[in-house]
$ cat structure_38.cif   # mmCIF, C-alpha atoms
data_data
#
loop_
_atom_site.label_atom_id
_atom_site.label_comp_id
_atom_site.auth_asym_id
_atom_site.auth_seq_id
_atom_site.Cartn_x
_atom_site.Cartn_y
_atom_site.Cartn_z
CA MET A 1 -3.23 3.59 11.54
CA GLY A 2 -6.81 3.73 10.29
CA ARG A 3 -10.17 2.19 11.08
CA ASP A 4 -9.40 -1.02 9.19
CA VAL A 5 -6.63 -2.10 11.58
CA ARG A 6 -7.32 -4.66 14.27
CA ALA A 7 -4.90 -6.03 16.87
CA LEU A 8 -1.95 -7.51 15.00
CA SER A 9 -0.48 -9.14 18.11
CA GLU A 10 -1.92 -10.77 21.19
CA PHE A 11 0.02 -8.86 23.81
CA ILE A 12 0.29 -5.27 24.93
CA ASP A 13 3.32 -4.09 26.84
CA ARG A 14 2.16 -1.78 29.64
CA LYS A 15 5.49 -1.84 31.45
CA THR A 16 7.53 0.04 28.84
CA PRO A 17 5.86 3.38 28.03
CA GLY A 18 9.02 4.65 26.30
CA ILE A 19 12.65 3.97 25.57
CA ARG A 20 15.35 5.69 27.59
CA VAL A 21 17.66 7.81 25.45
CA ASP A 22 20.85 9.71 26.16
CA TRP A 23 20.72 12.44 23.52
CA ALA A 24 18.83 15.67 22.91
CA GLU A 25 15.27 15.45 21.59
CA THR A 26 15.82 17.16 18.22
CA ASP A 27 15.15 16.46 14.55
CA ASP A 28 18.85 15.74 14.10
CA ALA A 29 18.51 12.81 16.50
CA VAL A 30 15.93 10.89 14.45
CA SER A 31 18.46 8.30 13.25
CA ALA A 32 19.75 7.86 16.80
CA LYS A 33 16.22 7.22 18.06
CA ARG A 34 15.57 4.76 15.26
CA TRP A 35 18.84 2.92 15.97
CA ARG A 36 17.79 2.50 19.59
CA ALA A 37 14.22 1.54 18.67
CA TRP A 38 15.23 -1.27 16.30
CA THR A 39 17.64 -2.85 18.77
CA PHE A 40 15.25 -2.38 21.69
CA THR A 41 12.40 -4.00 19.77
CA TYR A 42 14.42 -7.11 19.01
CA GLU A 43 15.75 -7.50 22.54
CA LYS A 44 12.34 -6.86 24.09
CA TYR A 45 10.00 -8.77 21.78
CA ALA A 46 11.88 -11.07 19.40
CA HIS A 47 14.91 -12.46 21.23
CA ALA A 48 14.62 -16.17 21.96
CA SER A 49 15.03 -15.61 25.70
CA PHE A 50 11.63 -13.91 25.96
CA ALA A 51 8.41 -15.87 26.38
CA ASN A 52 6.62 -13.92 23.64
CA ALA A 53 9.45 -14.23 21.13
CA THR A 54 7.84 -16.96 19.03
CA ARG A 55 4.82 -14.72 18.46
CA VAL A 56 6.78 -11.85 16.92
CA ASP A 57 7.51 -12.67 13.30
CA PHE A 58 7.58 -9.18 11.80
CA VAL A 59 7.92 -5.65 13.11
CA LEU A 60 6.30 -2.72 11.32
CA LYS A 61 7.49 0.84 11.78
CA ALA A 62 5.05 3.47 10.48
CA ASP A 63 4.74 7.23 10.81
CA THR A 64 1.80 8.63 12.76
CA ASP A 65 0.23 9.90 9.54
CA THR A 66 0.45 6.54 7.77
CA TYR A 67 -2.70 4.55 7.00
CA VAL A 68 -2.15 0.79 7.14
CA HIS A 69 -4.60 -1.73 5.69
CA GLY A 70 -4.18 -4.46 8.29
CA ALA A 71 -5.85 -7.30 6.38
CA HIS A 72 -3.73 -6.71 3.28
CA LEU A 73 -0.58 -6.47 5.39
CA LEU A 74 -1.17 -9.77 7.15
CA ARG A 75 -2.12 -11.51 3.91
CA TYR A 76 1.06 -10.26 2.23
CA LEU A 77 3.37 -11.19 5.11
CA ASN A 78 2.00 -14.74 5.19
CA ARG A 79 4.14 -15.52 2.14
CA PHE A 80 7.40 -14.73 3.97
CA ASP A 81 9.44 -16.85 6.37
CA ALA A 82 10.30 -14.78 9.45
CA THR A 83 13.36 -16.93 10.12
CA LEU A 84 14.91 -15.44 6.95
CA PRO A 85 15.97 -11.78 6.66
CA HIS A 86 13.31 -9.69 4.92
CA TYR A 87 13.34 -5.91 4.48
CA ILE A 88 10.03 -4.73 3.04
CA GLY A 89 8.38 -1.48 1.93
CA ARG A 90 8.45 1.18 -0.78
CA GLN A 91 11.79 1.25 -2.56
CA PHE A 92 13.78 4.33 -3.52
CA VAL A 93 17.42 4.96 -4.47
CA GLU A 94 19.65 7.60 -2.91
CA ARG A 95 23.17 7.94 -4.32
CA GLY A 96 23.23 4.31 -5.38
CA VAL A 97 21.75 3.02 -2.12
CA ALA A 98 18.44 1.13 -2.42
CA PHE A 99 16.32 1.79 0.66
CA VAL A 100 12.78 1.47 1.99
CA ALA A 101 11.02 4.77 2.70
CA SER A 102 10.56 5.44 6.40
CA ALA A 103 6.78 5.96 6.11
CA THR A 104 6.32 2.17 6.40
CA ILE A 105 9.14 -0.30 7.04
CA VAL A 106 8.67 -4.00 7.78
CA LEU A 107 11.51 -6.17 9.09
CA SER A 108 11.35 -9.90 9.70
CA ARG A 109 12.57 -11.27 13.01
CA GLU A 110 15.81 -12.46 11.40
CA ALA A 111 16.51 -9.10 9.75
CA LEU A 112 15.94 -7.43 13.10
CA ARG A 113 18.33 -9.88 14.75
CA LEU A 114 21.05 -9.14 12.22
CA VAL A 115 20.68 -5.39 12.77
CA THR A 116 20.80 -5.83 16.54
CA VAL A 117 23.85 -8.11 16.58
CA ALA A 118 25.81 -5.85 14.22
CA SER A 119 24.76 -2.76 16.19
CA ARG A 120 25.78 -4.32 19.50
CA ASP A 121 29.12 -5.40 18.05
CA GLY A 122 29.74 -1.98 16.53
CA VAL A 123 30.11 -3.42 13.04
CA GLY A 124 30.23 -1.16 9.96
CA ALA A 125 27.20 0.99 9.16
CA CYS A 126 25.23 -0.62 12.00
CA ALA A 127 27.55 0.86 14.64
CA ARG A 128 25.82 3.60 16.58
CA GLY A 129 28.20 6.33 15.44
CA LYS A 130 27.85 5.60 11.73
CA PHE A 131 24.12 4.87 11.88
CA THR A 132 23.32 8.09 13.69
CA ALA A 133 25.67 10.15 11.51
CA THR A 134 23.40 9.39 8.54
CA LYS A 135 20.66 11.98 9.01
CA ALA A 136 18.08 10.13 6.91
CA GLU A 137 16.92 7.30 9.17
CA ASP A 138 15.68 5.13 6.30
CA VAL A 139 18.99 5.40 4.43
CA ALA A 140 20.86 4.67 7.68
CA LEU A 141 18.90 1.43 8.10
CA ALA A 142 19.49 0.45 4.46
CA LEU A 143 23.25 0.94 4.84
CA CYS A 144 23.23 -1.12 8.03
CA LEU A 145 21.25 -3.94 6.42
CA ARG A 146 23.42 -3.87 3.31
CA ASP A 147 26.45 -4.44 5.52
CA VAL A 148 24.86 -7.66 6.81
CA GLY A 149 23.77 -8.79 3.34
CA VAL A 150 20.10 -7.75 3.38
CA TYR A 151 18.52 -5.68 0.60
CA PRO A 152 14.99 -4.32 0.04
CA HIS A 153 12.42 -6.81 -1.19
CA ASN A 154 10.46 -5.99 -4.34
CA SER A 155 7.04 -5.39 -2.79
CA ARG A 156 5.16 -4.66 -6.02
CA ASP A 157 2.31 -6.93 -7.09
CA ALA A 158 2.23 -9.11 -10.22
CA SER A 159 1.14 -6.16 -12.39
CA GLY A 160 4.01 -3.98 -11.17
CA ALA A 161 1.80 -1.73 -9.04
CA GLU A 162 2.97 -0.62 -5.59
CA ARG A 163 1.66 -1.99 -2.30
CA PHE A 164 3.33 0.65 -0.11
CA MET A 165 2.73 4.32 -0.91
CA VAL A 166 4.53 7.38 0.46
CA PHE A 167 1.68 9.75 -0.34
CA SER A 168 -2.10 9.82 0.12
CA PRO A 169 -4.48 8.09 -2.35
CA GLN A 170 -5.61 11.38 -3.84
CA ARG A 171 -2.06 12.57 -4.43
CA MET A 172 -1.02 9.26 -6.00
CA ARG A 173 -4.00 9.46 -8.38
CA ALA A 174 -2.87 12.89 -9.56
CA GLY A 175 0.27 11.44 -11.15
CA SER A 176 3.32 13.57 -11.90
CA GLU A 177 1.37 16.80 -11.39
CA GLY A 178 0.91 15.99 -7.72
CA LEU A 179 4.28 14.38 -7.01
CA PRO A 180 7.48 16.23 -6.08
CA ARG A 181 10.59 16.05 -8.23
CA TRP A 182 12.55 14.07 -5.63
CA TYR A 183 9.94 11.31 -5.81
CA VAL A 184 10.11 10.99 -9.58
CA LYS A 185 13.91 11.12 -9.49
CA ARG A 186 14.49 8.53 -6.75
CA THR A 187 11.62 6.10 -7.21
CA MET A 188 12.31 2.51 -8.21
CA ASN A 189 8.94 2.41 -10.00
CA ALA A 190 7.95 4.99 -12.60
CA GLN A 191 4.21 4.14 -12.56
CA GLN A 192 2.10 7.19 -11.70
CA GLY A 193 -1.53 8.22 -11.68
CA PRO A 194 -4.50 5.80 -11.83
CA GLY A 195 -3.31 2.20 -11.74
CA CYS A 196 -0.08 2.99 -9.90
CA CYS A 197 -1.43 1.59 -6.62
CA SER A 198 -2.06 -2.11 -6.19
CA ASP A 199 -5.46 -3.66 -5.55
CA GLU A 200 -3.61 -5.13 -2.56
CA ALA A 201 -2.37 -1.73 -1.30
CA ILE A 202 -1.01 -1.89 2.24
CA SER A 203 -0.19 1.68 3.23
CA PHE A 204 -0.58 5.34 2.31
CA HIS A 205 1.33 8.24 3.86
CA TYR A 206 0.53 11.88 4.67
CA VAL A 207 -3.02 10.93 5.59
CA SER A 208 -4.92 13.52 7.60
CA THR A 209 -6.01 12.91 11.18
CA ASP A 210 -9.65 13.21 10.12
CA GLU A 211 -9.23 10.60 7.39
CA LEU A 212 -7.47 8.23 9.78
CA ALA A 213 -10.25 8.58 12.35
CA ARG A 214 -13.41 8.91 10.29
CA ALA A 215 -12.92 7.36 6.87
CA ARG A 216 -12.24 4.00 5.35
CA LEU A 217 -10.28 3.22 2.22
CA VAL A 218 -12.12 1.69 -0.72
CA ARG A 219 -11.11 0.84 -4.29
CA ALA A 220 -13.42 1.74 -7.14
CA HIS A 221 -12.88 2.31 -10.86
CA GLY A 222 -9.23 1.31 -10.56
CA ALA A 223 -8.28 3.79 -7.84
CA TRP A 224 -8.25 4.05 -4.05
CA SER A 225 -10.29 6.77 -2.33
CA TRP A 226 -11.86 7.62 1.01
CA THR A 227 -15.47 7.07 2.00
CA PRO A 228 -17.17 7.96 5.29
CA ALA A 229 -17.00 5.05 7.70
CA VAL A 230 -19.84 3.61 9.75
CA ALA A 231 -18.82 2.55 13.24
CA SER A 232 -20.48 -0.87 12.93
CA GLU A 233 -18.84 -1.70 9.61
CA PRO A 234 -16.51 -4.71 9.52
CA PRO A 235 -13.03 -4.18 8.06
CA PRO A 236 -12.80 -4.67 4.28
CA PRO A 237 -11.45 -8.01 3.00
#

$ encode --input "structure_38.cif" --output "structure tokens"
Amino acid sequence: MGRDVRALSEFIDRKTPGIRVDWAETDDAVSAKRWRAWTFTYEKYAHASFANATRVDFVLKADTDTYVHGAHLLRYLNRFDATLPHYIGRQFVERGVAFVASATIVLSREALRLVTVASRDGVGACARGKFTATKAEDVALALCLRDVGVYPHNSRDASGAERFMVFSPQRMRAGSEGLPRWYVKRTMNAQQGPGCCSDEAISFHYVSTDELARARLVRAHGAWSWTPAVASEPPPP
């Protein structure tokens, strides 16, 4: 998740190295795995019956090639009440369904509870069969949350710039020349090129392993870019 991330929780679970599944390990099973992961996370870390439950306000799901700016994330989430349902990230629209891109999804404890209860009860789009039948995991989650009355939060800053990006800083800077047609067609925000990414940017996607391990993200001249990191450097503010 990048050199700028520090521990975002005070506990590490060493007893649960993985989640037991009962389906084949294939690309077609991504939605099934995500369905199990969301419900498992609530029952394991956020349910009131667990000692650590009061410490889990939000759960972030990010891809392995996503860079997350931890300080910006925590600062942004401080404005939300975890006892209310919040569904946060980069918004897109697919066939009339507003959803948060799977590169970075944040759910509040209450949103996670609603998903879990509806999934356990087999209600609507949250039922395992319907959730897993939707091949796009992010759309499956959006349909489930819509059934329980939760919709994506507008995560843009006051200027309209995005906090959550689905591409790398260099690709976002390139504007329409560097962005695929599906992005331009489905995005909820038409801003592109320099200035499209917030000063308070939280995440970038499709970041190389080398950049994640050896670089830090800085903002200069109105755009985000990478600079070599020094091991002793503190995280940026």

$ resolve_selection --input "structure_38.cif" --expression "the PyMOL selection byres ((chain A and resi 199) around 12)" --output "ChimeraX atom specification"
/A:69,72,156-164,194-198,200-203,217-225,237

$ residues_around --input "structure_38.cif" --residues "Thr116 of chain A" --least-positions-apart "2" --cutoff "12 Å" --atoms "only C-alpha atoms" --output "MDAnalysis selection string"
chainID A and resid 34:44 46:47 107 109:114 118:123 125:128 141 144:145 148

$ resolve_selection --input "structure_38.cif" --expression "the PyMOL selection byres ((chain A and resi 93) around 10)" --output "PyMOL selection string"
chain A and resi 91-92+94-101+139+183+185-188

$ atom_distance --input "structure_38.cif" --atom1 "atom CA of Glu177 of chain A" --atom2 "atom CA of Gly193 of chain A"
9.1 Å

$ closest_residue --input "structure_38.cif" --among "A:Arg79, A:Arg173, A:His86, A:Lys61" --to "Arg146 of chain A" --atoms "all atoms listed in the file"
A:His86

$ closest_residue --input "structure_38.cif" --among "A:Phe58, A:Trp182, A:Phe167, A:Tyr76" --to "Ser208 of chain A" --atoms "all atoms listed in the file"
A:Phe167

$ resolve_selection --input "structure_38.cif" --expression "the PyMOL selection byres ((chain A and resi 83) around 8)" --output "list of chain:residue names"
A:Asp57, A:Asp81, A:Ala82, A:Leu84, A:Pro85, A:Ser108, A:Arg109, A:Glu110

$ closest_residue --input "structure_38.cif" --among "A:Met165, A:Val30, A:Leu77, A:Val150" --to "Leu179 of chain A" --atoms "only C-alpha atoms"
A:Met165

$ atom_distance --input "structure_38.cif" --atom1 "atom CA of Ser102 of chain A" --atom2 "atom CA of Leu212 of chain A"
18.6 Å

$ closest_residue --input "structure_38.cif" --among "A:Lys130, A:Lys135, A:Arg75, A:His153" --to "Ile105 of chain A" --atoms "all atoms listed in the file"
A:His153

$ closest_residue --input "structure_38.cif" --among "A:His205, A:Arg90, A:Arg171, A:Arg214" --to "Thr66 of chain A" --atoms "all atoms listed in the file"
A:His205

$ atom_distance --input "structure_38.cif" --atom1 "atom CA of Ile88 of chain A" --atom2 "atom CA of Asn154 of chain A"
7.5 Å
